[in-house]
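> Following this message is one structure expressed as C-alpha cells.
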Amino acid sequence: MNSYRAKILLPLTLVVFLVLASLGALLGPLFKEFYFEQMTDRIEKEADVVAFNVYQAGLDDEGKIQQIVSTLADQLDVRITLLSADQQVVAESDVEPDHTKDYSSRPEIEEAVRSGRGKEMRYSNTVGEELLYYTVQLEDEGETVGYLRLALALDELNRIYRDIWVFLFMSFSVAFLVIFALTSKITNQMIVPIEEATRVANQLAQGDFKARTYEGEANETGNLNRSLNVLAENLGQITKTYQMQQEHLETLIENMGSGLLLINAKGDITLANRSCKDIFQEDTNEWLHKLYYKAIKHKQIIKLVQEIFLTEKGKRRQLELPIRIELRHVDVYGAPIIGNNDRLKGIVLVFHDITELKKLEKARKDFVANVSHELKTPVTSLKGFTETLLSGAIEDKELSKKFITIISKESDRLESLIYDLLELSKIEDSQFQLNWQKVDLEEMIEDVKVMLEEPARKKNIDLKVKITGTPFIEGDPLRLKQIIINLMNNAIAYTPEDGVVTVRVREQTETVVVEVEDTGIGMNKKELPRVFERFYRVDRARSRNSGGTGLGLAIVKHLAEAHKAKVDVSSEVNKGTIFMLTFYKDKLHEEKNDS
C-alpha cells in the first residue's frame, strides 16, 4: 500500500511543486506592480483631498490645522505630515509635532521641491513599519507656502502576497487534472470511490444530509467514505437542532408581547414581529428591507433611531403616537448592536404598549376632577336657585316658576350624568355580558329615527337612512340600540340648524358597516384620537347647552368593543363628521377572529 501511495504521490507532488513555482514566479511580480500602482493612485488622490481641506482652513491657525490633519488621517487611514515652506513641521497626525525636526533631506521632499510632487517607499523608524510616502507642494498665487506629505502602510502588499498563495493552491486542481490524465488507467479503482465521495459531499453541501456513500473495503478510501457517512449523520443532527432552536426563537419573537424592530447599519428594517402590527395598526411586513425613515411614519421614533445611530448608546423614551383614531402611549427602548470589531452593526428597538396603563393612571387622576367639574355646575345651579327661592323669590309666581323650571332641567342633567357614569361602570365591569340575539339593524335604525325625529325637527335637521342589503347581525339588541341612539343624538347635537344627518348601512361578505354622518362643526385631526375619552368635548359650551354629559362616545366605544366591532372616525372642521362601525355578522366569526 505504501509503494502504491508513493507511485501516486511522488509524481503528483513534483508536478504540483513545479506548477506552484511557475505561477509564483509569474504572478508575484505582476500582482505586486499592479497593486503598487493602485496604492500610488490612491495616495495621489487622497493627497489632493487633504490639500484642498488645508487650503480651505488656511495655514495660520496651527490648532485648527492639527485637528483637520488628525481627523483626515483617521478617516483615510494614512499618516499626514504638514510642512512649512522651509520644511519645518506644522502638523503631524500620528505623533506630537516636532517643530525642530528637519525633513528637507527626505527624498520625497527633495523631489517635491524640484517637481511639485514626490514619492518614496522605505521603512519608517517613527511608526516601525514600511511606508509609501507621497509629497505634494502647496502653492498660493504661484508662491510655495508648504508641503503636504502622506504616508500609507504597505502591509496590504504583504496581504496580497498571501492571496497569491490562494491562487497557487487553486493550481493544485490543474495539476491534479494533468496527473489524472497520465495515471487514469492505474488509479481507476481509486478514483471511482473518490468520485462517489465527491458526489455525496456535494449533496451534503446542498443540504441533503440523508445522502450516503458505499463504504467499501477497509482502506483509505473506505475510511474516507465512512467518515463522510458519519459527517452526514452529524450534520443532519446539528441541522435538526439548529432548525428547532430557530423555530423556538422565531416563535418567541413573533409571540412576545412587545414589538421588536431590527435595523441594520445601512438603516434598512430587517425584522418586525407580530406585536409591531398590533401596536402600529399597519402591515409591518411592508417595512422590511426599507429605510426606517421611509417606512415609519412617526417622527419621534425616527428621531430616536437617529440619536442612537449618532451616539451609539442605548436610549429609552415614552412616546405618544397617534395610531388611527387613538393616541397610544409606547415605552420604547433602543440599543445599538456592536460587533466584535467594535463597529455598529445595527439597532434593536423594543416597543411596550403602555396605553392601557396610561389610561388607567389618567382615569385615576382625572376621574374625581372631571366628575367634580361636571357635577359642580348643576349642583351650584340647584343650590343657587333654591337659596334664591327660600330668600323670598318664591312669592313671585312667575319668577319662582322660571327658577323651578331651571332646577328641573339641572336635576334632569344631573340624573343623566349619574346614569351615564353608572352605565359606563357597568359596561367596563369584568362580569358584563351581552344578550346575544339575531338583530335586524334596518328595523332598529328606523325605530331610533322615530325616537329622534322631534329633536331633529326642532333644529330643522333632515334625518336620512340608507340601507344596502339585508343587514342582520348577532348582538345585544338593547346595547346596539344604545350605540345608534348615542351616535345619532351626538350628530344632531353638533349639527347646526338646517343640517343633514345620514345613517348608512352596508352589508358586506362577512361584515355589516354602519356609518353616521353629519354636516356639523367637525373636528381637527388632533382631536380625533381623544374623541372617545370620558368627558372630552370638542365644544364644551355647545355640548353642555345640548345636555351632553361627555360620556356618550365613551359608552359607544366600549359597547362596540364588547361586540368585537371596529370603530373609526373621520372629520373636517366646519364640514362634518363620519363615525363608522364594522360589525361581524355572526358571533362565531368574531370569536375566531379575536383569537
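Going through the C-alpha cells in order, the chains are called A, B, and so on, while each chain numbers its residues from 1 and the ligands are numbered from 1 in the order shown.
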With a distance cut-off of 12 Å and only C-alpha atoms, select the neighbouring residues of A:Arg106, excluding the residue or stretch itself and same-chain residues fewer than 5 positions from it, and output the selection as a count of residues only.
15
> Write out as a PDB file with N, CA and C atoms, in the first residue's frame which residues come within 8 Å of A:Ser570 when counting only C-alpha atoms, dropping same-chain ones fewer than 5 positions away.

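Now in selection.pdb:
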```
ATOM      1  N   LEU A 528     -59.191  63.996  17.015  1.00  0.00           N
ATOM      2  CA  LEU A 528     -59.742  62.670  16.709  1.00  0.00           C
ATOM      3  C   LEU A 528     -59.302  61.582  17.685  1.00  0.00           C
ATOM      4  N   THR A 577     -68.709  65.250  10.352  1.00  0.00           N
ATOM      5  CA  THR A 577     -68.014  64.098  10.931  1.00  0.00           C
ATOM      6  C   THR A 577     -68.710  62.812  10.501  1.00  0.00           C
ATOM      7  N   ILE A 578     -67.900  61.740  10.326  1.00  0.00           N
ATOM      8  CA  ILE A 578     -68.449  60.415   9.998  1.00  0.00           C
ATOM      9  C   ILE A 578     -67.923  59.422  11.025  1.00  0.00           C
ATOM     10  N   PHE A 579     -68.829  58.784  11.757  1.00  0.00           N
ATOM     11  CA  PHE A 579     -68.482  57.670  12.642  1.00  0.00           C
ATOM     12  C   PHE A 579     -68.827  56.376  11.913  1.00  0.00           C
TER      13      PHE A 579
END
```
> For A:Leu349, work out the shell of residues within 8 Å, counting only C-alpha atoms and skipping chain neighbours fewer than 4 positions away, then give it as a PyMOL selection string.
chain A and resi 259-262+332-335
> Between atom CA of A:Phe34 and atom CA of A:Asn125, measure the distance and give it in Å to one decimal.
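Going from atom CA of A:Phe34 over to atom CA of A:Asn125 covers 26.7 Å.
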> Find the distance between atom CA of A:Gly314 and atom CA of A:Glu282 and write it in Å to one decimal.
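Spanning atom CA of A:Gly314 to atom CA of A:Glu282 is a straight-line distance of 25.9 Å.
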> Could you give me, as a ChimeraX atom specification, the residues within 10 Å of A:Asp77, counting only C-alpha atoms and dropping anything in the same chain fewer than 4 positions from it?
/A:71-73,151-153
> Name the closest residue to A:Val514 among the candidates A:Lys466, A:His329, A:Lys575, A:Lys564; distances are taken between atoms, counting only C-alpha atoms.
A:Lys466
> Quick one: residues within 12 Å of A:Glu443, only C-alpha atoms, excluding same-chain residues fewer than 2 positions away - as an mmCIF file with C-alpha atoms, in the first residue's frame?

```
data_model
loop_
_atom_site.group_PDB
_atom_site.id
_atom_site.type_symbol
_atom_site.label_atom_id
_atom_site.label_comp_id
_atom_site.auth_asym_id
_atom_site.auth_seq_id
_atom_site.Cartn_x
_atom_site.Cartn_y
_atom_site.Cartn_z
ATOM 1 C CA VAL A 439 -80.770 41.662 15.211
ATOM 2 C CA ASP A 440 -82.306 43.426 12.214
ATOM 3 C CA LEU A 441 -80.342 46.677 12.001
ATOM 4 C CA ILE A 445 -82.408 52.205 12.977
ATOM 5 C CA GLU A 446 -85.924 53.054 11.817
ATOM 6 C CA ASP A 447 -87.106 52.864 15.460
ATOM 7 C CA VAL A 448 -84.286 55.185 16.565
ATOM 8 C CA LYS A 449 -85.139 57.591 13.739
ATOM 9 C CA VAL A 450 -88.711 57.833 15.007
ATOM 10 C CA VAL A 465 -81.464 56.451 6.422
ATOM 11 C CA ILE A 467 -79.838 50.685 3.735
ATOM 12 C CA THR A 470 -80.219 42.773 4.444
ATOM 13 C CA PRO A 471 -78.210 43.872 7.496
ATOM 14 C CA PHE A 472 -78.743 41.101 10.067
ATOM 15 C CA PRO A 477 -80.349 44.488 20.670
ATOM 16 C CA LEU A 480 -76.819 48.048 19.752
ATOM 17 C CA LYS A 481 -79.778 50.414 20.022
ATOM 18 C CA ILE A 484 -77.144 54.025 17.434
ATOM 19 C CA VAL A 505 -75.853 50.610 6.492
#
```
